[in-house]
>>> print(open('input.cif').read())   # mmCIF, C-alpha atoms
data_start
#
loop_
_atom_site.label_atom_id
_atom_site.label_comp_id
_atom_site.auth_asym_id
_atom_site.auth_seq_id
_atom_site.Cartn_x
_atom_site.Cartn_y
_atom_site.Cartn_z
CA MET A 1 0.00 0.00 0.00
CA ALA A 2 1.18 3.56 -0.71
CA GLU A 3 3.00 5.22 2.17
CA VAL A 4 0.87 8.37 1.88
CA VAL A 5 -2.86 8.21 1.27
CA ASN A 6 -4.21 11.29 -0.52
CA LYS A 7 -7.87 12.20 -0.75
CA LEU A 8 -9.42 12.80 -4.17
CA ARG A 9 -10.79 16.18 -3.04
CA ASP A 10 -7.23 17.33 -2.20
CA VAL A 11 -5.88 16.35 -5.62
CA TYR A 12 -8.47 17.05 -8.33
CA GLY A 13 -11.39 19.44 -8.40
CA VAL A 14 -11.73 23.08 -7.38
CA GLY A 15 -11.37 23.81 -3.67
CA ARG A 16 -10.30 26.51 -1.25
CA ASP A 17 -6.87 25.05 -0.59
CA MET A 18 -4.00 24.67 -3.03
CA PRO A 19 -4.38 21.32 -4.87
CA LEU A 20 -1.70 18.73 -4.25
CA ASN A 21 -1.20 18.33 -7.99
CA TYR A 22 -0.11 21.95 -8.45
CA VAL A 23 2.13 22.36 -11.47
CA SER A 24 4.65 25.17 -11.88
CA ARG A 25 4.55 26.97 -15.22
CA LYS A 26 7.97 28.31 -16.11
CA ASP A 27 6.66 31.41 -17.85
CA VAL A 28 4.34 32.21 -14.93
CA ASP A 29 5.86 30.95 -11.67
CA ASP A 30 9.41 31.96 -12.59
CA ASP A 31 8.22 35.39 -13.68
CA PHE A 32 6.35 35.86 -10.40
CA ILE A 33 9.29 34.73 -8.24
CA SER A 34 11.73 36.88 -10.21
CA ASN A 35 9.62 40.00 -9.69
CA LEU A 36 9.34 39.37 -5.94
CA THR A 37 13.02 40.32 -5.59
CA ARG A 38 12.89 43.50 -7.69
CA ASP A 39 11.24 45.83 -5.15
CA LYS A 40 8.34 46.34 -7.54
CA HIS A 41 4.64 46.01 -6.98
CA ILE A 42 3.22 42.96 -8.76
CA VAL A 43 -0.09 42.65 -10.57
CA VAL A 44 -1.27 39.07 -11.07
CA PHE A 45 -4.07 39.03 -13.63
CA GLY A 46 -6.03 36.53 -15.68
CA SER A 47 -9.43 34.91 -16.11
CA SER A 48 -11.31 33.53 -13.12
CA LYS A 49 -10.22 30.19 -11.63
CA GLN A 50 -6.97 30.08 -13.56
CA GLY A 51 -4.63 29.74 -10.58
CA LYS A 52 -3.88 33.32 -9.54
CA THR A 53 -4.37 32.68 -5.82
CA THR A 54 -2.67 29.27 -5.86
CA LEU A 55 0.31 30.88 -7.60
CA ARG A 56 0.78 33.17 -4.61
CA LYS A 57 0.25 30.38 -2.09
CA HIS A 58 2.76 28.14 -3.85
CA CYS A 59 5.51 30.72 -4.25
CA LEU A 60 5.22 32.42 -0.84
CA SER A 61 5.11 31.10 2.70
CA GLU A 62 2.03 32.07 4.69
CA GLY A 63 4.13 34.21 7.01
CA ASP A 64 5.47 36.26 4.09
CA TYR A 65 2.29 38.22 3.42
CA ILE A 66 -1.00 39.57 4.68
CA VAL A 67 -4.20 39.34 2.63
CA VAL A 68 -6.91 41.95 2.16
CA SER A 69 -10.04 40.80 0.32
CA CYS A 70 -11.42 43.69 -1.70
CA LEU A 71 -15.15 44.47 -1.67
CA ASN A 72 -17.34 46.52 -3.96
CA THR A 73 -18.24 48.86 -1.08
CA MET A 74 -14.67 49.92 -0.25
CA SER A 75 -13.41 53.47 -0.60
CA ILE A 76 -9.67 54.21 -0.49
CA ASP A 77 -10.10 54.94 3.24
CA ASP A 78 -11.73 51.54 3.76
CA LEU A 79 -8.95 49.83 1.82
CA ASN A 80 -6.21 51.56 3.79
CA GLY A 81 -8.01 50.70 7.03
CA ALA A 82 -8.26 47.04 5.99
CA ILE A 83 -4.51 47.00 5.33
CA LEU A 84 -3.79 48.32 8.82
CA LYS A 85 -6.19 45.81 10.40
CA ALA A 86 -4.56 42.93 8.53
CA SER A 87 -1.16 44.10 9.79
CA GLY A 88 -2.36 43.94 13.42
CA TYR A 89 -3.78 47.38 14.17
CA GLN A 90 -7.08 48.07 15.89
CA ILE A 91 -8.88 51.12 14.52
CA GLU A 92 -11.37 53.46 16.16
CA GLN A 93 -12.97 56.61 14.77
CA THR A 94 -12.25 59.87 16.60
CA GLN A 95 -14.08 63.21 16.55
CA THR A 96 -11.04 65.01 15.14
CA LYS A 97 -11.00 66.13 11.53
CA THR A 98 -8.15 66.87 9.16
CA VAL A 99 -7.74 70.17 7.34
CA GLY A 100 -9.28 68.49 4.29
CA GLY A 101 -12.35 67.49 6.30
CA HIS A 102 -11.58 63.75 6.70
CA LEU A 103 -12.20 62.14 10.05
CA LYS A 104 -9.12 61.01 11.90
CA TYR A 105 -8.86 57.52 13.34
CA GLY A 106 -7.08 56.20 16.37
CA VAL A 107 -5.00 53.12 15.60
CA GLU A 108 -3.44 50.85 18.21
CA PHE A 109 -0.97 48.03 17.82
CA LYS A 110 -0.12 45.58 20.59
CA GLY A 111 3.02 43.49 20.27
CA GLU A 112 4.00 40.84 22.76
CA GLY A 113 7.62 40.42 23.68
CA LYS A 114 10.38 42.55 22.24
CA VAL A 115 8.65 44.36 19.39
CA PRO A 116 10.62 47.41 18.23
CA LEU A 117 8.36 50.42 17.90
CA LEU A 118 9.93 53.51 16.42
CA ALA A 119 8.64 56.94 17.40
CA SER A 120 7.95 59.32 14.54
CA ALA A 121 7.45 63.06 14.49
CA SER A 122 5.11 62.78 11.50
CA ALA A 123 2.19 61.37 13.48
CA SER A 124 1.04 61.94 17.00
CA GLY A 125 1.36 58.89 19.21
CA THR A 126 2.23 57.46 22.59
CA LEU A 127 4.18 54.43 23.69
CA GLU A 128 3.19 52.48 26.78
CA ASN A 129 4.44 49.37 28.55
CA GLU A 130 2.18 46.92 30.31
CA LYS A 131 4.23 44.40 32.26
CA THR A 132 3.05 41.12 33.66
CA GLU A 133 4.93 38.27 35.22
CA GLU A 134 4.84 36.31 31.95
CA ASN A 135 5.60 38.83 29.24
CA SER A 136 5.86 42.45 28.19
CA ILE A 137 3.28 44.04 25.91
CA GLU A 138 4.30 47.03 23.82
CA ILE A 139 1.40 49.30 22.88
CA LYS A 140 1.59 51.93 20.14
CA ARG A 141 -1.25 54.41 19.66
CA LEU A 142 -1.44 56.82 16.73
CA GLU A 143 -3.98 59.27 15.38
CA ILE A 144 -4.05 59.15 11.59
CA ASP A 145 -5.97 60.10 8.46
CA LEU A 146 -6.94 56.94 6.56
CA HIS A 147 -7.20 59.03 3.41
CA ASP A 148 -3.51 59.96 3.63
CA VAL A 149 -1.17 57.27 2.32
CA ASN A 150 1.70 58.91 4.22
CA ASP A 151 -0.03 58.13 7.52
CA ILE A 152 -0.46 54.50 6.46
CA VAL A 153 3.24 54.29 5.63
CA ILE A 154 4.14 55.81 9.01
CA SER A 155 1.87 53.38 10.85
CA LEU A 156 3.42 50.36 9.16
CA LYS A 157 6.94 51.66 9.72
CA GLU A 158 6.15 52.03 13.42
CA ILE A 159 5.81 48.25 13.74
CA ASN A 160 8.65 47.42 11.32
CA PHE A 161 6.14 45.80 8.98
CA ASN A 162 8.02 44.00 6.19
CA LYS A 163 5.57 41.56 4.59
CA PHE A 164 3.99 41.61 1.15
CA ILE A 165 0.48 43.09 1.08
CA VAL A 166 -1.85 41.01 -1.11
CA LEU A 167 -5.00 42.67 -2.43
CA GLU A 168 -7.28 39.84 -3.57
CA ASP A 169 -10.18 40.45 -5.96
CA PHE A 170 -9.02 43.96 -6.77
CA HIS A 171 -11.50 44.03 -9.68
CA TYR A 172 -14.40 44.12 -7.20
CA LEU A 173 -13.40 47.58 -5.95
CA PRO A 174 -15.34 50.56 -7.34
CA VAL A 175 -13.51 52.07 -10.31
CA GLN A 176 -12.90 55.27 -8.34
CA THR A 177 -11.21 53.29 -5.56
CA GLN A 178 -9.06 51.44 -8.09
CA GLN A 179 -7.99 54.77 -9.52
CA ASP A 180 -7.34 56.29 -6.09
CA PHE A 181 -5.24 53.31 -5.07
CA SER A 182 -3.22 53.52 -8.29
CA PHE A 183 -2.14 57.02 -7.26
CA ALA A 184 -1.52 55.92 -3.67
CA LEU A 185 0.67 53.08 -4.96
CA LYS A 186 3.21 55.56 -6.33
CA ALA A 187 3.51 57.10 -2.85
CA TYR A 188 3.87 53.66 -1.28
CA HIS A 189 6.67 52.94 -3.73
CA GLU A 190 8.56 56.19 -3.18
CA ASN A 191 8.12 56.55 0.59
CA SER A 192 8.54 52.99 1.79
CA LYS A 193 9.87 49.53 1.04
CA LEU A 194 6.34 48.10 1.05
CA CYS A 195 5.45 45.85 -1.87
CA PHE A 196 1.89 45.07 -2.97
CA ILE A 197 0.64 42.04 -4.86
CA VAL A 198 -2.56 43.05 -6.65
CA VAL A 199 -4.72 40.15 -7.88
CA GLY A 200 -7.48 40.85 -10.40
CA VAL A 201 -9.73 39.20 -12.95
CA TRP A 202 -9.02 40.99 -16.21
CA ARG A 203 -6.94 40.53 -19.37
CA ASP A 204 -5.36 43.98 -19.31
CA LYS A 205 -1.63 43.85 -18.60
CA ASN A 206 -1.41 47.56 -17.82
CA ARG A 207 -4.64 48.19 -15.88
CA LEU A 208 -3.00 50.13 -13.02
CA ILE A 209 -0.64 51.97 -15.37
CA TYR A 210 -3.68 53.07 -17.38
CA TYR A 211 -5.07 54.65 -14.22
CA ASN A 212 -1.73 56.23 -13.30
CA GLY A 213 1.05 56.52 -15.88
CA ASP A 214 3.58 57.27 -13.11
CA LEU A 215 3.50 53.56 -12.22
CA THR A 216 5.39 52.69 -15.40
CA ASN A 217 8.50 50.69 -14.38
CA ARG A 218 7.22 50.58 -10.81
CA VAL A 219 4.76 47.75 -11.44
CA ALA A 220 5.43 44.29 -12.88
CA SER A 221 2.56 42.30 -14.39
CA VAL A 222 2.28 38.51 -14.32
CA ASP A 223 -0.22 36.86 -16.68
CA ALA A 224 -1.62 33.76 -14.92
CA ASP A 225 -4.15 33.01 -17.65
CA THR A 226 -2.21 30.88 -20.10
CA TRP A 227 -2.39 27.11 -19.70
CA ARG A 228 -0.68 25.32 -22.56
CA PRO A 229 -1.70 21.72 -23.37
CA GLU A 230 1.57 20.37 -21.98
CA SER A 231 1.00 22.12 -18.63
CA LEU A 232 -2.56 20.79 -18.41
CA ALA A 233 -1.22 17.31 -19.16
CA GLU A 234 1.25 17.71 -16.28
CA VAL A 235 -1.64 18.55 -13.93
CA VAL A 236 -3.32 15.27 -14.84
CA LYS A 237 -0.07 13.33 -14.53
CA ALA A 238 0.74 14.79 -11.10
CA GLY A 239 -2.70 13.70 -9.88
CA GLU A 240 -2.20 10.22 -11.31
CA TYR A 241 0.95 9.80 -9.24
CA LEU A 242 -0.72 11.02 -6.04
CA LEU A 243 -3.72 8.70 -6.43
CA ASN A 244 -1.85 5.77 -8.01
CA ILE A 245 -4.09 5.75 -11.06
CA GLN A 246 -3.70 6.16 -14.82
CA PHE A 247 -6.16 7.94 -17.06
CA ASP A 248 -6.96 6.58 -20.47
CA PRO A 249 -4.71 8.63 -22.85
CA ALA A 250 -7.54 9.31 -25.31
CA THR A 251 -9.71 10.66 -22.52
CA VAL A 252 -6.94 12.97 -21.29
CA ALA A 253 -6.42 14.30 -24.80
CA GLY A 254 -10.16 14.90 -25.10
CA ILE A 255 -10.38 16.76 -21.80
CA ILE A 256 -7.49 19.02 -22.72
CA SER A 257 -8.99 19.68 -26.15
CA HIS A 258 -12.42 20.57 -24.75
CA SER A 259 -11.30 22.53 -21.67
CA ALA A 260 -10.88 25.91 -23.42
CA GLU A 261 -7.47 26.14 -21.69
CA SER A 262 -9.24 26.25 -18.33
CA VAL A 263 -7.37 24.43 -15.58
CA SER A 264 -10.45 24.51 -13.34
CA LEU A 265 -12.54 22.70 -15.97
CA LEU A 266 -9.80 20.10 -16.39
CA GLN A 267 -9.55 19.60 -12.62
CA GLU A 268 -13.31 19.16 -12.30
CA ALA A 269 -13.44 16.70 -15.20
CA CYS A 270 -10.72 14.56 -13.62
CA PHE A 271 -12.52 14.71 -10.28
CA ARG A 272 -15.81 13.51 -11.77
CA ILE A 273 -14.20 10.64 -13.65
CA CYS A 274 -12.47 9.44 -10.48
CA GLU A 275 -15.66 9.83 -8.47
CA ASN A 276 -17.66 7.83 -11.01
CA GLU A 277 -15.11 5.02 -10.80
CA ASN A 278 -15.03 5.02 -6.98
CA VAL A 279 -11.54 6.45 -6.69
CA PHE A 280 -11.78 8.60 -3.56
CA GLU A 281 -8.21 8.23 -2.32
CA THR A 282 -4.83 6.77 -3.25
CA GLN A 283 -5.29 3.26 -4.63
CA VAL A 284 -3.52 0.21 -3.20
CA ASN A 285 -2.96 -1.13 -6.71
CA GLN A 286 -2.68 1.12 -9.74
CA LYS A 287 -6.02 1.52 -11.47
CA THR A 288 -6.82 2.67 -15.00
CA VAL A 289 -9.71 5.14 -15.18
CA GLY A 290 -11.62 7.12 -17.79
CA LYS A 291 -11.77 4.56 -20.58
CA GLY A 292 -14.62 5.23 -23.00
CA VAL A 293 -15.75 8.48 -21.36
CA ASP A 294 -17.87 10.76 -23.55
CA VAL A 295 -15.71 13.83 -22.94
CA PRO A 296 -17.89 16.41 -24.78
CA GLN A 297 -20.90 15.30 -22.74
CA LEU A 298 -18.85 15.39 -19.53
CA MET A 299 -17.82 18.97 -20.22
CA ARG A 300 -21.41 19.92 -21.03
CA ASP A 301 -22.54 18.47 -17.73
CA ILE A 302 -19.92 20.49 -15.86
CA VAL A 303 -20.72 23.86 -17.43
CA ASN A 304 -24.47 23.22 -17.32
CA ASN A 305 -24.20 23.32 -13.55
CA GLN A 306 -23.74 27.06 -14.02
CA SER A 307 -26.51 27.45 -16.58
CA GLY A 308 -28.74 29.34 -14.15
CA ARG A 309 -25.91 31.70 -13.26
CA TYR A 310 -25.10 32.47 -16.90
CA SER A 311 -28.75 32.99 -17.83
CA ALA A 312 -29.15 35.37 -14.89
CA PHE A 313 -26.00 37.22 -15.96
CA ILE A 314 -27.41 37.87 -19.42
CA THR A 315 -30.74 39.09 -18.02
CA ASN A 316 -29.28 41.25 -15.25
CA PHE A 317 -26.56 42.75 -17.43
CA ALA A 318 -29.11 43.69 -20.09
CA GLU A 319 -31.14 45.59 -17.47
CA GLY A 320 -28.16 47.85 -16.73
CA PHE A 321 -27.96 50.07 -13.65
CA GLN A 322 -31.36 51.57 -14.49
CA GLN A 323 -33.66 52.03 -17.45
CA THR A 324 -32.23 54.50 -19.96
CA GLU A 325 -33.16 55.87 -23.36
CA TYR A 326 -30.63 53.88 -25.37
CA ASP A 327 -30.46 50.62 -23.32
CA MET A 328 -26.75 50.39 -24.01
CA TYR A 329 -26.10 47.39 -21.74
CA ARG A 330 -28.79 45.39 -23.53
CA TRP A 331 -27.00 46.13 -26.79
CA ILE A 332 -23.59 45.30 -25.36
CA ILE A 333 -24.81 41.83 -24.37
CA TYR A 334 -26.51 41.55 -27.78
CA VAL A 335 -23.09 41.84 -29.44
CA VAL A 336 -21.61 39.25 -27.06
CA LEU A 337 -24.35 36.84 -28.09
CA SER A 338 -24.04 37.69 -31.80
CA VAL A 339 -20.33 37.18 -32.56
CA THR A 340 -18.68 33.80 -32.95
CA ILE A 341 -17.08 31.88 -30.10
CA GLU A 342 -13.75 32.29 -31.87
CA GLU A 343 -14.18 36.06 -31.82
CA LEU A 344 -15.08 35.97 -28.13
CA GLU A 345 -11.96 33.93 -27.39
CA VAL A 346 -9.67 36.66 -28.77
CA GLY A 347 -11.84 39.55 -27.55
CA ILE A 348 -14.26 41.96 -29.22
CA ARG A 349 -12.85 45.31 -30.30
CA ARG A 350 -14.60 48.59 -29.58
CA ASN A 351 -15.27 49.32 -33.28
CA VAL A 352 -17.05 45.96 -33.65
CA PHE A 353 -19.52 46.97 -30.95
CA SER A 354 -20.14 50.27 -32.72
CA LYS A 355 -20.71 48.60 -36.09
CA LEU A 356 -23.03 45.83 -34.87
CA ILE A 357 -25.07 48.02 -32.53
CA LYS A 358 -25.63 50.77 -35.09
CA GLU A 359 -26.81 48.18 -37.63
CA ARG A 360 -29.74 47.17 -35.38
CA HIS A 361 -30.31 50.04 -32.93
CA SER A 362 -33.26 52.37 -33.66
CA SER A 363 -30.93 55.40 -33.49
CA GLY A 364 -28.65 53.90 -36.13
CA GLU A 365 -25.69 56.01 -37.18
CA LYS A 366 -26.91 58.88 -34.99
CA LEU A 367 -26.09 56.88 -31.87
CA ASN A 368 -23.52 58.67 -29.71
CA GLU A 369 -20.20 56.78 -29.62
CA GLY A 370 -19.68 58.01 -26.07
CA ASN A 371 -22.70 56.03 -24.87
CA ILE A 372 -21.18 52.80 -26.19
CA THR A 373 -17.78 53.53 -24.67
CA GLN A 374 -19.20 54.45 -21.28
CA ALA A 375 -21.23 51.23 -21.12
CA LEU A 376 -18.21 49.14 -22.04
CA GLN A 377 -16.06 50.85 -19.40
CA SER A 378 -18.71 50.20 -16.75
CA SER A 379 -19.25 46.54 -17.64
CA ALA A 380 -17.25 45.20 -14.68
CA SER A 381 -18.86 47.64 -12.22
CA LEU A 382 -22.32 46.62 -13.41
CA GLN A 383 -21.57 42.93 -12.82
CA VAL A 384 -20.29 43.63 -9.32
CA THR A 385 -23.40 45.68 -8.59
CA LYS A 386 -25.56 42.80 -9.87
CA ASN A 387 -23.61 40.31 -7.70
CA VAL A 388 -22.15 38.46 -10.70
CA ARG A 389 -19.21 36.73 -9.01
CA PRO A 390 -16.81 35.94 -10.48
CA ILE A 391 -17.33 38.43 -13.26
CA ILE A 392 -17.78 37.06 -16.77
CA ILE A 393 -16.76 39.89 -19.12
CA ASP A 394 -14.30 42.76 -18.70
CA TYR A 395 -13.37 45.72 -20.90
CA ASP A 396 -9.71 46.58 -21.45
CA GLN A 397 -9.58 50.36 -21.79
CA THR A 398 -5.98 50.26 -23.03
CA THR A 399 -6.58 48.04 -26.06
CA ARG A 400 -10.32 48.82 -26.31
CA VAL A 401 -11.21 45.15 -26.28
CA LEU A 402 -13.93 43.37 -24.32
CA ASN A 403 -12.78 39.95 -23.06
CA VAL A 404 -14.64 36.96 -21.65
CA VAL A 405 -12.85 36.19 -18.38
CA ASP A 406 -14.87 33.11 -17.49
CA LYS A 407 -13.86 30.32 -19.86
CA SER A 408 -16.74 28.07 -18.82
CA PHE A 409 -19.11 30.71 -20.18
CA LEU A 410 -17.63 30.23 -23.66
CA ILE A 411 -18.34 26.49 -23.56
CA TRP A 412 -21.84 27.06 -22.19
CA LEU A 413 -22.60 29.68 -24.81
CA SER A 414 -21.44 27.38 -27.62
CA MET A 415 -24.18 24.92 -26.59
CA GLN A 416 -27.02 27.47 -26.56
CA ASP A 417 -29.48 28.61 -29.20
CA ARG A 418 -28.14 32.13 -29.31
CA ASN A 419 -30.89 33.42 -31.59
CA GLU A 420 -33.34 32.44 -28.88
CA LEU A 421 -31.23 34.22 -26.24
CA ILE A 422 -31.23 37.37 -28.38
CA LYS A 423 -35.03 37.19 -28.75
CA GLU A 424 -35.32 36.99 -24.97
CA LEU A 425 -33.48 40.30 -24.82
CA GLY A 426 -36.37 41.83 -26.75
CA ILE A 427 -34.24 42.30 -29.87
CA SER A 428 -35.89 40.78 -32.95
#
>>> encode(input="input.cif", output="structure tokens")
Amino acid sequence: MAEVVNKLRDVYGVGRDMPLNYVSRKDVDDDFISNLTRDKHIVVFGSSKQGKTTLRKHCLSEGDYIVVSCLNTMSIDDLNGAILKASGYQIEQTQTKTVGGHLKYGVEFKGEGKVPLLASASASGTLENEKTEENSIEIKRLEIDLHDVNDIVISLKEINFNKFIVLEDFHYLPVQTQQDFSFALKAYHENSKLCFIVVGVWRDKNRLIYYNGDLTNRVASVDADTWRPESLAEVVKAGEYLLNIQFDPATVAGIISHSAESVSLLQEACFRICENENVFETQVNQKTVGKGVDVPQLMRDIVNNQSGRYSAFITNFAEGFQQTEYDMYRWIIYVVLSVTIEELEVGIRRNVFSKLIKERHSSGEKLNEGNITQALQSSASLQVTKNVRPIIIDYDQTTRVLNVVDKSFLIWLSMQDRNELIKELGIS
């Protein structure tokens, strides 16, 4: 019997923890590790469920970073406050206001043992000692403005904070907060040694640089989206070793071919095959699995589990933020449903939206181009507002291309009667 018994759920499938069959991709993992040593902020981007979070977990020890999960309700003050909380501070609102009218907050850090706390003339604060028979507790209290990045830097310097700061789901933040943080990031870079790892679902390599050109050469981008067939094959092979099984080669080739380069779809397909053949843990004797599997049907079954979610996305996106004269969001989703899957895979350019919408819209050529652009730019915000998580489409303002960032949606859409979906939009 194998010395180590691994559970199926820890090897294949999509879970919260890093899968045991994690595979390093030279052009991704090496790029990420290389940039960690360059004193630059790192942006890890890609489609949903493509391994952005597992990349960080694999390449860094848990004690090397703190994590802040971004929310669609966060302002820059909220984000800065969350960073301080994750670093160990307790925050309380005071009645004092800054010259700019922002409320000041009292922040307190307690460190047990010999924690060096450096006094600074840039922020008001006090240092106290509370001694017990067992240990010594150092307490640092400061009064700061959460809107001022300089105060955040001072607060983190006070506790000799030296970990990476990971901002997960950065795409969920309101656009204004993303823009505000892009400007704050330059100050973080110039006034401290702090390094951020920004994780977002988009296909835009230069998203933060678009918001703030001063970040050029201060930010390194790592594209976690690409999964080549050989890397996907390695994922399957690593799982085979851990479970002492062997997949039928034709089935593996079929899964890779039908996965739309989605590692999460491949993982789920392998999980289901093992589950159907009663492989729930490492086998005593090597077992061959997956022979004769109808791979296209298997993939349809997997993506159809999200059919309700995708149908709701189309309906909710078409409704927009509110009813308007031109119904631009309805027409944006009309174009998504009208073009070919191949076109969706490479992204739809801004001029394609203009051409296709004007051909069918009642306003025709008189339609204002600005209305189309504004709707495209707000596509991610609309999905967050409508609780579409993870988001399905995202507009790259740099290249003016709308991308599908949920690969399962492409497979699901390829199986639908898209003319019927367009009719349901009220477009005949």
>>> closest_residue(input="input.cif", among="A:Glu342, A:Asp396, A:Glu319, A:Asp225", to="Thr373 (chain A)", atoms="only C-alpha atoms")
A:Asp396
>>> closest_residue(input="input.cif", among="A:Asp204, A:Glu190, A:Glu92, A:Asp223", to="Lys26 (chain A)", atoms="all atoms listed in the file")
A:Asp223
>>> residues_around(input="input.cif", residues="Ser362 (chain A)", least_positions_apart="6", cutoff="12 Å", atoms="all atoms listed in the file", output="PDB file with C-alpha atoms, in the coordinates of the input")
ATOM      1  CA  GLU A 325     -33.160  55.870 -23.360  1.00  0.00           C
ATOM      2  CA  TYR A 326     -30.630  53.880 -25.370  1.00  0.00           C
ATOM      3  CA  ASP A 327     -30.460  50.620 -23.320  1.00  0.00           C
ATOM      4  CA  MET A 328     -26.750  50.390 -24.010  1.00  0.00           C
ATOM      5  CA  TRP A 331     -27.000  46.130 -26.790  1.00  0.00           C
ATOM      6  CA  ILE A 427     -34.240  42.300 -29.870  1.00  0.00           C
ATOM      7  CA  SER A 428     -35.890  40.780 -32.950  1.00  0.00           C
TER       8      SER A 428
END
>>> atom_distance(input="input.cif", atom1="CA of Phe196 (chain A)", atom2="CA of Gln93 (chain A)")
25.9 Å
>>> closest_residue(input="input.cif", among="A:Thr340, A:Ile273, A:Lys291, A:Glu281", to="Tyr241 (chain A)", atoms="only C-alpha atoms")
A:Glu281
>>> atom_distance(input="input.cif", atom1="CA of Val222 (chain A)", atom2="CA of Asp10 (chain A)")
26.2 Å
>>> resolve_selection(input="input.cif", expression="the PyMOL selection byres ((chain A and resi 346) around 12)", output="MDAnalysis selection string")
chainID A and resid 203 339:345 347:349 401:405 407 410
>>> resolve_selection(input="input.cif", expression="the PyMOL selection byres ((chain A and resi 240) around 10)", output="list of chain:residue names")
A:Val11, A:Tyr12, A:Asn21, A:Glu234, A:Val235, A:Val236, A:Lys237, A:Ala238, A:Gly239, A:Tyr241, A:Leu242, A:Leu243, A:Asn244, A:Ile245, A:Gln246, A:Phe247, A:Cys270, A:Thr282, A:Gln286, A:Lys287, A:Thr288, A:Val289
>>> residues_around(input="input.cif", residues="Ala253 (chain A)", least_positions_apart="4", cutoff="10 Å", atoms="all atoms listed in the file", output="list in words")
Pro229, Leu232, Ala233, Asp248, Pro249, Ser257, His258 and Val295 of chain A
>>> closest_residue(input="input.cif", among="A:Ala220, A:Ile422, A:Ile332, A:Val68", to="Gln374 (chain A)", atoms="only C-alpha atoms")
A:Ile332
>>> build_atoms(input="input.cif", residues="region 286-300 of chain A", atoms="N, CA and C atoms", output="compact mmCIF listing (two decimals), in the frame of the given file")
# COMPACT_ATOMS: atom_id res chain seq x y z
N GLN A 286 -2.41 0.13 -8.69
CA GLN A 286 -2.68 1.12 -9.74
C GLN A 286 -3.93 0.74 -10.53
N LYS A 287 -4.75 1.74 -10.79
CA LYS A 287 -6.02 1.52 -11.47
C LYS A 287 -6.12 2.43 -12.68
N THR A 288 -6.58 1.88 -13.80
CA THR A 288 -6.82 2.67 -15.00
C THR A 288 -8.24 3.21 -14.97
N VAL A 289 -8.39 4.51 -15.24
CA VAL A 289 -9.71 5.14 -15.18
C VAL A 289 -9.97 5.94 -16.45
N GLY A 290 -11.24 6.21 -16.71
CA GLY A 290 -11.62 7.12 -17.79
C GLY A 290 -11.77 6.49 -19.15
N LYS A 291 -11.69 5.19 -19.26
CA LYS A 291 -11.77 4.56 -20.58
C LYS A 291 -13.20 4.68 -21.12
N GLY A 292 -13.32 5.15 -22.36
CA GLY A 292 -14.62 5.23 -23.00
C GLY A 292 -15.50 6.39 -22.56
N VAL A 293 -14.96 7.34 -21.82
CA VAL A 293 -15.75 8.48 -21.36
C VAL A 293 -16.14 9.38 -22.53
N ASP A 294 -17.40 9.79 -22.55
CA ASP A 294 -17.87 10.76 -23.55
C ASP A 294 -17.46 12.15 -23.05
N VAL A 295 -16.28 12.58 -23.46
CA VAL A 295 -15.71 13.83 -22.94
C VAL A 295 -16.56 15.05 -23.26
N PRO A 296 -17.04 15.24 -24.51
CA PRO A 296 -17.89 16.41 -24.78
C PRO A 296 -19.11 16.47 -23.86
N GLN A 297 -19.74 15.32 -23.61
CA GLN A 297 -20.90 15.30 -22.74
C GLN A 297 -20.51 15.62 -21.30
N LEU A 298 -19.35 15.11 -20.88
CA LEU A 298 -18.85 15.39 -19.53
C LEU A 298 -18.65 16.89 -19.34
N MET A 299 -18.06 17.53 -20.33
CA MET A 299 -17.82 18.97 -20.22
C MET A 299 -19.14 19.75 -20.24
N ARG A 300 -20.10 19.27 -21.03
CA ARG A 300 -21.41 19.92 -21.03
C ARG A 300 -22.08 19.82 -19.66
